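Enquirer: One file is attached below, work_30.cif, containing mmCIF, C-alpha atoms.
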data_upload
loop_
_atom_site.label_atom_id
_atom_site.label_comp_id
_atom_site.auth_asym_id
_atom_site.auth_seq_id
_atom_site.Cartn_x
_atom_site.Cartn_y
_atom_site.Cartn_z
CA MET A 141 0.00 0.00 0.00
CA SER A 142 1.45 3.33 -0.98
CA ARG A 143 2.02 5.90 1.65
CA THR A 144 -0.58 8.40 0.46
CA VAL A 145 -3.46 5.90 0.63
CA LEU A 146 -2.30 4.90 4.09
CA ASP A 147 -2.24 8.52 5.20
CA LEU A 148 -5.76 8.93 3.92
CA TRP A 149 -6.97 6.02 6.05
CA VAL A 150 -5.20 7.29 9.15
CA GLY A 151 -6.68 10.73 8.57
CA PHE A 152 -10.12 9.18 8.18
CA PHE A 153 -9.60 7.24 11.41
CA VAL A 154 -8.59 10.36 13.33
CA VAL A 155 -11.52 12.32 11.91
CA ILE A 156 -14.15 9.76 12.88
CA GLY A 157 -12.49 9.33 16.29
CA ALA A 158 -12.74 13.07 16.83
CA ALA A 159 -16.32 13.00 15.58
CA ALA A 160 -17.14 10.31 18.16
CA LEU A 161 -15.64 12.48 20.89
CA LEU A 162 -17.66 15.44 19.66
CA PHE A 163 -20.79 13.30 19.67
CA LEU A 164 -20.05 12.25 23.25
CA SER A 165 -19.48 15.80 24.39
CA LEU A 166 -22.39 17.49 22.62
CA LYS A 167 -25.12 14.90 22.24
CA VAL A 168 -24.49 12.55 25.16
CA GLY A 169 -22.96 14.76 27.81
CA SER A 170 -23.91 18.28 28.58
CA PHE A 171 -21.35 20.98 29.04
CA SER A 172 -22.59 22.10 32.39
CA GLY A 173 -21.16 25.38 31.14
CA PHE A 174 -20.32 26.78 34.53
CA ASN A 175 -16.67 27.73 34.39
CA SER A 176 -15.26 28.94 37.63
CA SER A 177 -14.52 32.25 35.92
CA ASN A 178 -18.11 33.35 35.36
CA THR A 179 -19.84 32.06 38.45
CA TYR A 180 -20.23 33.40 41.93
CA VAL A 181 -20.45 31.40 45.13
CA LEU A 182 -23.31 31.65 47.60
CA GLN A 183 -23.77 29.93 50.93
CA ALA A 184 -26.89 28.77 52.67
CA PRO A 185 -27.26 27.19 56.12
CA PHE A 186 -29.81 24.41 56.41
CA ASP A 187 -31.15 22.57 59.46
CA ASN A 188 -31.22 19.36 57.47
CA ILE A 189 -30.01 18.73 53.95
CA GLY A 190 -31.57 15.29 53.60
CA GLY A 191 -29.82 13.50 50.76
CA LEU A 192 -28.36 16.50 48.97
CA LYS A 193 -25.10 15.71 47.18
CA VAL A 194 -22.19 17.74 45.89
CA ARG A 195 -22.74 18.60 42.19
CA ALA A 196 -26.51 18.54 42.63
CA PRO A 197 -28.22 21.17 40.48
CA VAL A 198 -29.37 24.55 41.78
CA LYS A 199 -32.63 25.50 40.09
CA SER A 200 -34.78 28.56 39.96
CA ALA A 201 -38.20 28.28 38.36
CA GLY A 202 -37.10 24.82 37.26
CA VAL A 203 -34.12 26.08 35.27
CA VAL A 204 -30.64 24.94 36.27
CA VAL A 205 -28.72 28.07 37.30
CA GLY A 206 -25.85 26.52 39.25
CA ARG A 207 -24.36 23.53 41.04
CA VAL A 208 -23.72 22.61 44.66
CA ALA A 209 -19.97 23.00 45.24
CA GLU A 210 -19.47 21.99 48.85
CA ILE A 211 -21.41 20.72 51.83
CA ARG A 212 -19.98 20.98 55.32
CA PHE A 213 -21.12 20.82 58.92
CA ASP A 214 -20.80 23.96 61.01
CA PRO A 215 -19.90 22.88 64.57
CA ALA A 216 -20.77 26.31 66.00
CA THR A 217 -24.41 26.32 64.93
CA TYR A 218 -24.87 22.55 64.36
CA ARG A 219 -26.25 23.26 60.91
CA ALA A 220 -25.21 22.17 57.44
CA VAL A 221 -23.67 24.90 55.27
CA VAL A 222 -24.16 24.37 51.54
CA SER A 223 -21.96 26.36 49.16
CA PHE A 224 -23.11 26.53 45.58
CA SER A 225 -21.86 28.33 42.51
CA VAL A 226 -24.39 30.28 40.47
CA ASP A 227 -23.98 31.39 36.86
CA ALA A 228 -22.90 35.03 36.83
CA ARG A 229 -25.60 35.86 34.29
CA TYR A 230 -28.25 35.44 36.98
CA ALA A 231 -28.49 37.75 39.99
CA PHE A 232 -30.81 37.01 42.90
CA PRO A 233 -32.28 39.46 45.45
CA ARG A 234 -31.04 39.44 49.05
CA ASP A 235 -34.25 37.95 50.41
CA THR A 236 -34.14 34.91 48.12
CA ILE A 237 -35.39 31.71 49.76
CA ALA A 238 -33.28 28.56 49.32
CA THR A 239 -35.17 25.29 49.64
CA ILE A 240 -34.07 21.68 49.27
CA LEU A 241 -36.51 19.97 46.95
CA THR A 242 -36.84 16.55 45.39
CA SER A 243 -37.53 16.05 41.71
CA GLY A 244 -40.30 13.50 41.58
CA LEU A 245 -41.17 11.25 44.51
CA LEU A 246 -37.88 9.36 44.62
CA GLY A 247 -35.73 11.54 42.36
CA GLU A 248 -32.53 13.37 43.14
CA GLN A 249 -32.53 16.33 45.51
CA TYR A 250 -31.68 19.82 44.41
CA VAL A 251 -31.55 23.35 45.76
CA GLY A 252 -34.44 25.54 44.67
CA LEU A 253 -34.03 29.31 44.72
CA GLU A 254 -37.15 31.43 45.07
CA PRO A 255 -36.34 35.08 44.43
CA GLY A 256 -37.77 37.71 46.78
CA GLY A 257 -38.41 41.38 46.12
CA ASP A 258 -35.30 43.09 47.51
CA VAL A 259 -33.57 45.64 45.29
CA ASP A 260 -30.10 44.61 46.54
CA MET A 261 -28.62 41.58 44.86
CA LEU A 262 -26.58 38.74 46.36
CA GLY A 263 -22.89 38.87 45.48
CA GLU A 264 -19.82 36.62 45.72
CA GLY A 265 -19.60 34.86 49.09
CA ASP A 266 -22.92 36.11 50.41
CA THR A 267 -25.19 33.95 52.52
CA VAL A 268 -28.79 33.16 51.74
CA MET A 269 -30.41 33.70 55.14
CA ILE A 270 -33.90 32.31 54.59
CA THR A 271 -33.76 28.57 54.01
CA GLN A 272 -36.11 25.65 54.18
CA SER A 273 -34.80 22.19 54.98
CA ALA A 274 -35.29 19.01 53.07
CA VAL A 275 -38.47 17.11 53.67
CA VAL A 276 -37.49 13.90 55.41
CA LEU A 277 -40.00 11.21 54.57
CA GLU A 278 -39.53 9.30 57.84
CA LYS A 279 -40.31 12.42 59.90
CA LEU A 280 -43.45 13.05 57.89
CA ILE A 281 -44.64 9.48 58.38
CA GLY A 282 -43.79 9.70 62.08
CA GLN A 283 -45.78 12.93 62.48
CA PHE A 284 -48.69 11.46 60.59
CA MET A 285 -48.73 8.42 62.85
CA PHE A 286 -48.58 10.51 66.04
CA ASP A 287 -51.38 12.72 64.79
CA ARG A 288 -53.47 9.64 64.10
CA ALA A 289 -52.70 8.24 67.56
CA ALA A 290 -53.72 11.51 69.18
CA GLU A 291 -57.12 11.51 67.52
CA MET B 1312 12.60 -32.75 51.90
CA SER B 1313 14.33 -32.24 48.59
CA GLY B 1314 10.86 -31.71 47.05
CA VAL B 1315 10.17 -28.84 49.43
CA ILE B 1316 13.55 -27.28 48.74
CA GLY B 1317 13.01 -27.62 45.01
CA PHE B 1318 9.61 -25.96 45.34
CA LEU B 1319 11.02 -23.07 47.37
CA ARG B 1320 13.84 -22.71 44.87
CA ARG B 1321 11.40 -22.50 41.97
CA VAL B 1322 9.19 -19.95 43.76
CA GLY B 1323 12.26 -17.89 44.63
CA SER B 1324 13.69 -17.91 41.12
CA ARG B 1325 10.28 -17.04 39.63
CA THR B 1326 9.95 -14.09 42.01
CA VAL B 1327 13.46 -12.81 41.34
CA ASP B 1328 12.86 -13.24 37.61
CA MET B 1329 9.61 -11.25 37.83
CA VAL B 1330 11.22 -8.37 39.72
CA TRP B 1331 14.08 -8.45 37.20
CA ARG B 1332 11.70 -8.19 34.28
CA LEU B 1333 9.75 -5.41 35.97
CA GLY B 1334 12.92 -3.40 36.42
CA PHE B 1335 13.93 -4.01 32.81
CA ALA B 1336 10.43 -3.00 31.65
CA THR B 1337 10.73 0.29 33.54
CA ARG B 1338 14.15 0.99 32.03
CA PHE B 1339 12.75 0.02 28.63
CA PHE B 1340 9.84 2.48 29.07
CA GLY B 1341 12.39 5.21 29.83
CA LEU B 1342 14.37 4.28 26.70
CA VAL B 1343 11.23 4.34 24.53
CA LEU B 1344 10.38 7.83 25.80
CA LEU B 1345 14.00 8.91 25.28
CA TYR B 1346 14.07 7.73 21.65
CA SER B 1347 10.58 9.08 20.89
CA GLY B 1348 12.02 12.40 19.73
CA GLN B 1349 14.13 10.62 17.13
CA SER B 1350 11.20 8.60 15.84
CA PHE B 1351 8.90 11.65 15.66
CA ARG B 1352 11.30 13.20 13.20
CA ARG B 1353 10.23 10.44 10.84
CA LEU B 1354 6.53 10.74 11.49
CA HIS B 1355 5.44 8.47 8.64
CA LEU B 1356 6.65 5.49 10.67
CA THR B 1357 4.23 6.35 13.48
CA ILE B 1358 1.42 7.06 11.02
CA ARG B 1359 1.97 3.64 9.51
CA GLU B 1360 1.61 2.09 12.96
CA ILE B 1361 -1.57 4.08 13.65
CA TYR B 1362 -2.90 2.51 10.48
CA PHE B 1363 -2.08 -1.01 11.67
CA ALA B 1364 -3.13 -0.56 15.29
CA GLY B 1365 -6.05 1.82 14.81
CA VAL B 1366 -7.60 1.68 11.37
CA LEU B 1367 -7.45 -2.11 11.10
CA SER B 1368 -9.08 -2.43 14.56
CA LEU B 1369 -11.99 -0.23 13.50
CA LEU B 1370 -14.26 -3.02 12.35
CA ILE B 1371 -14.06 -5.15 15.50
CA ILE B 1372 -14.38 -2.07 17.72
CA LEU B 1373 -17.42 -0.68 15.91
CA VAL B 1374 -19.25 -4.01 15.67
CA SER B 1375 -18.53 -4.95 19.30
CA GLY B 1376 -19.57 -1.49 20.47
CA LEU B 1377 -22.86 -1.79 18.65
CA PHE B 1378 -23.58 -5.21 20.14
CA VAL B 1379 -22.55 -4.24 23.68
CA GLY B 1380 -24.82 -1.20 23.46
CA MET B 1381 -27.69 -3.30 22.13
CA VAL B 1382 -27.31 -5.81 24.96
CA LEU B 1383 -27.19 -2.96 27.48
CA GLY B 1384 -30.36 -1.58 25.93
CA LEU B 1385 -32.18 -4.90 26.22
CA GLN B 1386 -30.99 -5.79 29.72
CA GLY B 1387 -31.33 -2.26 31.02
CA TYR B 1388 -34.87 -1.97 29.74
CA GLU B 1389 -35.75 -5.35 31.22
CA THR B 1390 -34.63 -4.21 34.69
CA LEU B 1391 -35.69 -0.57 34.56
CA GLN B 1392 -39.24 -1.24 33.44
CA ARG B 1393 -39.82 -3.27 36.63
CA PHE B 1394 -39.42 -0.01 38.53
CA GLY B 1395 -41.40 1.96 36.00
CA SER B 1396 -38.42 4.07 35.02
CA SER B 1397 -37.65 2.83 31.53
CA ASP B 1398 -37.15 6.48 30.51
CA ALA B 1399 -33.84 6.34 32.36
CA LEU B 1400 -32.53 3.80 29.83
CA GLY B 1401 -30.45 6.47 28.11
CA VAL B 1402 -28.78 7.38 31.41
CA LEU B 1403 -27.97 3.76 32.16
CA VAL B 1404 -26.52 3.04 28.72
CA ALA B 1405 -24.55 6.28 28.46
CA LEU B 1406 -23.11 6.26 31.98
CA SER B 1407 -22.04 2.62 31.94
CA LEU B 1408 -20.43 3.06 28.51
CA THR B 1409 -18.65 6.38 29.06
CA ARG B 1410 -17.38 5.54 32.52
CA GLU B 1411 -16.51 1.86 32.35
CA LEU B 1412 -17.42 -0.35 29.44
CA GLY B 1413 -16.15 1.92 26.67
CA PRO B 1414 -12.55 2.23 27.83
CA VAL B 1415 -12.32 -1.27 29.38
CA VAL B 1416 -13.86 -3.39 26.62
CA ALA B 1417 -12.20 -1.33 23.90
CA GLY B 1418 -8.91 -1.79 25.77
CA LEU B 1419 -9.37 -5.56 26.01
CA LEU B 1420 -10.25 -5.79 22.31
CA PHE B 1421 -7.33 -3.53 21.43
CA ALA B 1422 -4.95 -5.70 23.46
CA SER B 1423 -6.03 -8.86 21.70
CA ARG B 1424 -6.33 -7.36 18.22
CA ALA B 1425 -3.42 -4.89 18.03
CA GLY B 1426 -1.27 -5.67 21.08
CA SER B 1427 -0.76 -9.30 20.07
CA ALA B 1428 0.10 -8.24 16.51
CA ILE B 1429 2.72 -5.77 17.77
CA THR B 1430 4.31 -8.41 20.00
CA ALA B 1431 4.35 -10.96 17.18
CA GLU B 1432 5.92 -8.50 14.76
CA ILE B 1433 8.70 -7.34 17.09
CA GLY B 1434 9.24 -10.89 18.33
CA LEU B 1435 9.67 -12.23 14.80
CA MET B 1436 12.04 -9.36 14.01
CA LYS B 1437 14.09 -10.50 16.98
CA VAL B 1438 14.00 -14.16 15.88
CA THR B 1439 15.18 -13.29 12.39
CA GLU B 1440 17.84 -11.01 13.91
CA GLN B 1441 16.56 -7.89 12.17
CA LEU B 1442 16.86 -5.94 15.42
CA LYS B 1443 20.50 -6.98 15.75
CA ALA B 1444 21.15 -6.06 12.14
CA MET B 1445 19.74 -2.59 12.75
CA ASP B 1446 21.98 -2.20 15.76
CA MET B 1447 24.96 -3.17 13.59
CA MET B 1448 24.03 -0.44 11.12
CA ALA B 1449 23.94 2.08 13.97
CA VAL B 1450 20.14 2.38 13.67
CA SER B 1451 18.58 2.17 17.08
CA PRO B 1452 15.87 -0.52 16.94
CA ILE B 1453 14.03 1.25 19.75
CA ALA B 1454 13.77 4.47 17.74
CA ARG B 1455 13.07 2.70 14.43
CA VAL B 1456 10.81 -0.18 15.48
CA VAL B 1457 9.61 0.11 19.08
CA ALA B 1458 8.79 3.79 19.63
CA PRO B 1459 6.58 4.19 16.51
CA ARG B 1460 4.55 1.12 17.50
CA PHE B 1461 4.23 2.37 21.06
CA TRP B 1462 3.01 5.81 20.00
CA GLY B 1463 0.74 4.35 17.33
CA GLY B 1464 -1.01 2.37 20.06
CA VAL B 1465 -1.15 5.34 22.44
CA VAL B 1466 -2.76 7.54 19.78
CA SER B 1467 -5.19 4.89 18.53
CA MET B 1468 -6.56 3.69 21.85
CA PRO B 1469 -8.50 6.83 23.01
CA LEU B 1470 -9.99 7.26 19.53
CA LEU B 1471 -11.07 3.62 19.44
CA ALA B 1472 -12.57 3.86 22.93
CA ALA B 1473 -14.52 6.99 21.95
CA LEU B 1474 -15.81 5.23 18.84
CA PHE B 1475 -16.75 2.18 20.89
CA THR B 1476 -18.70 4.32 23.36
CA ALA B 1477 -20.46 6.29 20.62
CA MET B 1478 -21.41 3.11 18.77
CA GLY B 1479 -22.63 1.55 22.02
CA ILE B 1480 -24.91 4.48 22.76
CA LEU B 1481 -26.28 4.30 19.24
CA GLY B 1482 -26.84 0.56 19.76
CA GLY B 1483 -28.69 1.22 23.01
CA TRP B 1484 -30.75 3.87 21.25
CA LEU B 1485 -31.49 1.46 18.40
CA ILE B 1486 -32.86 -1.21 20.75
CA GLY B 1487 -34.44 1.09 23.32
CA VAL B 1488 -36.05 3.70 21.10
CA VAL B 1489 -36.47 2.13 17.69
CA PHE B 1490 -37.39 -1.44 18.64
CA ILE B 1491 -38.83 -1.30 22.17
CA GLY B 1492 -40.34 2.16 21.97
CA VAL B 1493 -38.86 4.15 24.83
CA ASP B 1494 -39.62 7.83 24.27
CA ASP B 1495 -36.95 9.38 22.06
CA GLY B 1496 -36.97 12.76 23.83
CA ALA B 1497 -36.76 11.26 27.31
CA PHE B 1498 -33.91 8.98 26.21
CA TRP B 1499 -31.69 11.84 25.05
CA SER B 1500 -32.73 14.56 27.49
CA GLN B 1501 -32.34 12.42 30.60
CA MET B 1502 -29.00 11.25 29.26
CA GLN B 1503 -27.83 14.80 28.71
CA ALA B 1504 -29.01 15.84 32.16
CA ALA B 1505 -27.16 12.98 33.85
CA VAL B 1506 -23.92 12.76 31.87
CA ASP B 1507 -21.46 15.52 32.65
CA PHE B 1508 -18.80 16.26 30.07
CA ARG B 1509 -15.89 16.86 32.40
CA TYR B 1510 -16.85 14.35 35.04
CA ASP B 1511 -18.00 11.39 32.97
CA VAL B 1512 -16.78 11.78 29.38
CA MET B 1513 -13.36 13.23 30.17
CA ASN B 1514 -12.66 10.68 32.90
CA GLY B 1515 -13.48 7.95 30.39
CA VAL B 1516 -11.06 9.48 27.90
CA ILE B 1517 -8.35 9.70 30.58
CA LYS B 1518 -8.93 6.03 31.36
CA SER B 1519 -8.58 5.07 27.71
CA ILE B 1520 -5.32 7.04 27.39
CA VAL B 1521 -3.89 5.25 30.44
CA PHE B 1522 -5.00 1.87 29.05
CA GLY B 1523 -3.45 2.79 25.69
CA VAL B 1524 -0.08 3.49 27.31
CA ALA B 1525 -0.24 0.30 29.40
CA VAL B 1526 -1.27 -2.03 26.56
CA SER B 1527 1.20 -0.55 24.06
CA LEU B 1528 4.06 -0.72 26.55
CA ILE B 1529 3.30 -4.33 27.47
CA ALA B 1530 3.01 -5.29 23.78
CA VAL B 1531 6.31 -3.73 22.67
CA PHE B 1532 8.12 -4.90 25.79
CA GLU B 1533 7.00 -8.53 25.49
CA GLY B 1534 8.02 -8.52 21.84
CA TYR B 1535 11.40 -6.98 22.54
CA ASP B 1536 12.07 -9.22 25.51
CA CYS B 1537 10.88 -12.54 24.05
CA THR B 1538 13.06 -15.62 23.78
CA PRO B 1539 14.12 -15.63 20.12
CA THR B 1540 12.53 -18.94 19.17
CA ALA B 1541 9.19 -19.85 17.63
CA GLU B 1542 7.99 -21.06 21.02
CA GLY B 1543 9.29 -17.92 22.74
CA VAL B 1544 7.33 -15.68 20.38
CA SER B 1545 4.11 -17.60 20.94
CA ARG B 1546 4.63 -17.41 24.70
CA ALA B 1547 5.30 -13.69 24.47
CA ILE B 1548 2.03 -13.15 22.57
CA THR B 1549 0.10 -15.09 25.21
CA ARG B 1550 1.77 -13.05 27.95
CA THR B 1551 0.88 -9.81 26.14
CA VAL B 1552 -2.81 -10.65 26.03
CA VAL B 1553 -2.94 -11.98 29.59
CA SER B 1554 -0.96 -9.23 31.26
CA SER B 1555 -2.69 -6.51 29.21
CA ALA B 1556 -6.08 -7.77 30.36
CA LEU B 1557 -4.92 -7.93 33.97
CA ALA B 1558 -3.31 -4.49 33.74
CA ILE B 1559 -6.45 -2.95 32.23
CA LEU B 1560 -8.75 -4.36 34.89
CA ALA B 1561 -6.43 -3.49 37.77
CA LEU B 1562 -5.77 0.02 36.47
CA ASP B 1563 -9.49 0.47 35.91
CA PHE B 1564 -10.16 -0.25 39.56
CA VAL B 1565 -7.44 2.14 40.69
CA LEU B 1566 -8.54 4.94 38.34
CA THR B 1567 -12.21 4.49 39.22
CA SER B 1568 -11.49 4.71 42.92
CA PHE B 1569 -9.55 7.92 42.30
CA MET B 1570 -12.09 9.51 39.96
CA PHE B 1571 -15.48 8.56 41.29
CA ARG B 1572 -14.98 7.95 44.99
CA GLY B 1573 -17.38 9.58 47.38
CA GLN B 1574 -19.08 11.66 44.75
CA SER B 1575 -22.48 11.68 43.07
#
Can you turn what I pasted into structure tokens?
Expert:
Amino acid sequence: MSRTVLDLWVGFFVVIGAAALLFLSLKVGSFSGFNSSNTYVLQAPFDNIGGLKVRAPVKSAGVVVGRVAEIRFDPATYRAVVSFSVDARYAFPRDTIATILTSGLLGEQYVGLEPGGDVDMLGEGDTVMITQSAVVLEKLIGQFMFDRAAE
Amino acid sequence: MSGVIGFLRRVGSRTVDMVWRLGFATRFFGLVLLYSGQSFRRLHLTIREIYFAGVLSLLIILVSGLFVGMVLGLQGYETLQRFGSSDALGVLVALSLTRELGPVVAGLLFASRAGSAITAEIGLMKVTEQLKAMDMMAVSPIARVVAPRFWGGVVSMPLLAALFTAMGILGGWLIGVVFIGVDDGAFWSQMQAAVDFRYDVMNGVIKSIVFGVAVSLIAVFEGYDCTPTAEGVSRAITRTVVSSALAILALDFVLTSFMFRGQS
């Protein structure tokens, strides 16, 4: 086989290999698109985070606007502090409410942001003060059973 | 008594021999890297090896990828529909292929298709004393023969793994969406929501690069190190396939525990 034909085949091989990678990156995976350069980090203390995981989505009105970056336990207040990065294109008022929600009955948990009406916006490193904890199914069932017993 | 001593002696000599070979393999890896510059100056040698290792492996990789994806589609649907979540079929197929099956199965196929061929070629060159002849002519056999084959394998492997994964996902889509009737939109959108480019796709590519280096190194080393007889070459080929498979599976465990531990 002459060298030019061989080069053609190798070129073809590299091209379809690159096309497969492109397919994987565009069609299969999603560029989460949040580079560290154009995001800002917010914090929110929660009484109970339920099953929230690092890299869980942060949604507002159902649209993904960020990702959970870090979850840690604050020994001073005995609460969980969730840090999440939010796309810099979206600004949220200071009295935004952060809630831990579940998509579907048994789906993954995510942080929901409900914007308030403040004119000041949250900036890098700010803390979302108003939070609502995750709904823990066992607690709900327990409450329900106690209520029934009391009747 | 003498039986026990003989046994101990054999175990000892095997162990020493293994450590010896491991040391030689490390030194050999260093030499290959050292002579890579020389072989890159004559790039057509490496391109020729990409043809033999990569292009000629295309058919087996594409067909196996398609079938693995189709089996994943069938089995995944069978299990998922019991929990009423057959829409998540795309997630199952894409995650298992990008993270694990793509790099690992493509690596195993690559080791048996291309790795064995590389070992056989270098081994036969050694048997027919071509390597020695090159040395006599002041042509380094490592720069002329070994390094191009090594780099050909290293370049081919990630591309083949990506093709395998892409074909597998298409196979899963073919079975799940076209034949069984999972919703097309749910298949792709749930997949895109669950598969992260950096976390899942890139880690799979990193795995395939590591496997490419390991398989190519084992293949060229076993060929270069083989006993120069017909039997020695056949043993070297067997060793290439066996140790490549072991190396891929062991490395896969190590890489997975580094990449995916404690997350998601």
Enquirer: For the structure provided, state which residues fall under the PyMOL selection byres ((chain B and resi 1545) around 12), and present them as a VMD selection string.
Expert: chain B and resid 1427 to 1428 1430 to 1435 1438 1533 to 1534 1537 to 1544 1546 to 1552
Enquirer: For the contact check between chain B and chain A, emit one row per residue of chain B within 8 Å, containing the shortest atom pair and the distance in Å rounded to one decimal, counting all atoms listed in the file, chain then rising number order, as JSON lines.
Expert:
{"residue": "B:Ile1358", "atom": "CA", "partner": "A:Val150", "partner_atom": "CA", "distance": 6.9}
{"residue": "B:Arg1359", "atom": "CA", "partner": "A:Leu146", "partner_atom": "CA", "distance": 7.0}
{"residue": "B:Ile1361", "atom": "CA", "partner": "A:Val150", "partner_atom": "CA", "distance": 6.6}
{"residue": "B:Tyr1362", "atom": "CA", "partner": "A:Val150", "partner_atom": "CA", "distance": 5.5}
{"residue": "B:Gly1365", "atom": "CA", "partner": "A:Phe153", "partner_atom": "CA", "distance": 7.3}
{"residue": "B:Val1366", "atom": "CA", "partner": "A:Phe153", "partner_atom": "CA", "distance": 5.9}
{"residue": "B:Ala1405", "atom": "CA", "partner": "A:Val168", "partner_atom": "CA", "distance": 7.1}
{"residue": "B:Leu1470", "atom": "CA", "partner": "A:Gly157", "partner_atom": "CA", "distance": 4.6}
{"residue": "B:Leu1471", "atom": "CA", "partner": "A:Gly157", "partner_atom": "CA", "distance": 6.7}
{"residue": "B:Ala1473", "atom": "CA", "partner": "A:Ala160", "partner_atom": "CA", "distance": 5.7}
{"residue": "B:Leu1474", "atom": "CA", "partner": "A:Ala160", "partner_atom": "CA", "distance": 5.3}
{"residue": "B:Ala1477", "atom": "CA", "partner": "A:Ala160", "partner_atom": "CA", "distance": 5.8}
{"residue": "B:Trp1499", "atom": "CA", "partner": "A:Val168", "partner_atom": "CA", "distance": 7.2}
{"residue": "B:Met1502", "atom": "CA", "partner": "A:Val168", "partner_atom": "CA", "distance": 6.2}
{"residue": "B:Gln1503", "atom": "CA", "partner": "A:Gly169", "partner_atom": "CA", "distance": 5.0}
{"residue": "B:Ala1504", "atom": "CA", "partner": "A:Ser170", "partner_atom": "CA", "distance": 6.7}
{"residue": "B:Ala1505", "atom": "CA", "partner": "A:Gly169", "partner_atom": "CA", "distance": 7.6}
{"residue": "B:Val1506", "atom": "CA", "partner": "A:Gly169", "partner_atom": "CA", "distance": 4.6}
{"residue": "B:Asp1507", "atom": "CA", "partner": "A:Gly169", "partner_atom": "CA", "distance": 5.1}
{"residue": "B:Phe1508", "atom": "CA", "partner": "A:Gly169", "partner_atom": "CA", "distance": 5.0}
{"residue": "B:Arg1509", "atom": "CA", "partner": "A:Phe171", "partner_atom": "CA", "distance": 7.6}
{"residue": "B:Asp1511", "atom": "CA", "partner": "A:Gly169", "partner_atom": "CA", "distance": 7.9}
{"residue": "B:Val1512", "atom": "CA", "partner": "A:Ser165", "partner_atom": "CA", "distance": 7.0}
{"residue": "B:Gln1574", "atom": "CA", "partner": "A:Val194", "partner_atom": "CA", "distance": 6.9}
{"residue": "B:Ser1575", "atom": "CA", "partner": "A:Lys193", "partner_atom": "CA", "distance": 6.3}
Enquirer: With the PyMOL selection byres ((chain A and resi 201) around 8) as the selection, what would be picked from this file? Answer as a list in words, please.
Expert: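 After applying the PyMOL selection byres ((chain A and resi 201) around 8), what remains is Lys199, Ser200, Gly202, Val203, Gly252, Leu253 and Glu254 of chain A.
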Enquirer: Starting from the shown file, work through the PyMOL selection byres ((chain A and resi 228) around 7) and note down what comes out as a PyMOL selection string.
Expert: chain A and resi 178-180+226-227+229-231
Enquirer: Find, counting all atoms listed in the file, the residue in B:Gln1501, B:Thr1476, B:Thr1326, B:Gln1441 that gets nearest to Ser1397 in chain B.
Expert: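 The answer is B:Gln1501, which sits nearest to Ser1397 in chain B.
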Enquirer: Could you check how far CA of Glu264 in chain A sits from CA of Ala220 in chain A, in Å to one decimal?
Expert: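 For CA of Glu264 in chain A relative to CA of Ala220 in chain A, the distance reads 19.4 Å.
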Enquirer: Quick one: residues within 8 Å of range 1374-1378 of chain B, all atoms listed in the file, excluding same-chain residues fewer than 6 positions away - as a list in words?
Expert: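 After dropping sequence-adjacent residues, the list is Gly1413, Leu1474, Phe1475, Thr1476, Ala1477, Met1478, Gly1479, Ile1480, Leu1481, Gly1482 and Gly1483 of chain B.
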Enquirer: I'd like the box whose edges run along x, y and z of the file and which contains every listed atom of range 178-190 of chain A, padded by 5 Å per side; could you state its centre and edge lengths in Å, one decimal, as lines of an AutoDock Vina configuration file?
Expert:
center_x = -24.8
center_y = 24.3
center_z = 47.4
size_x = 23.5
size_y = 28.1
size_z = 34.1
Enquirer: Figure out the distance between CA of Val1457 in chain B and CA of Met1445 in chain B, please, to one decimal in Å.
Expert: 12.2 Å
Enquirer: So that I can check the surroundings of Leu262 in chain A, please list as an NGL selection string every protein, DNA and RNA residue that reaches within 7 Å of it, counting all atoms listed in the file and ignoring chain neighbours fewer than 2 positions away.
Expert: :A and (231-234 or 260 or 266)
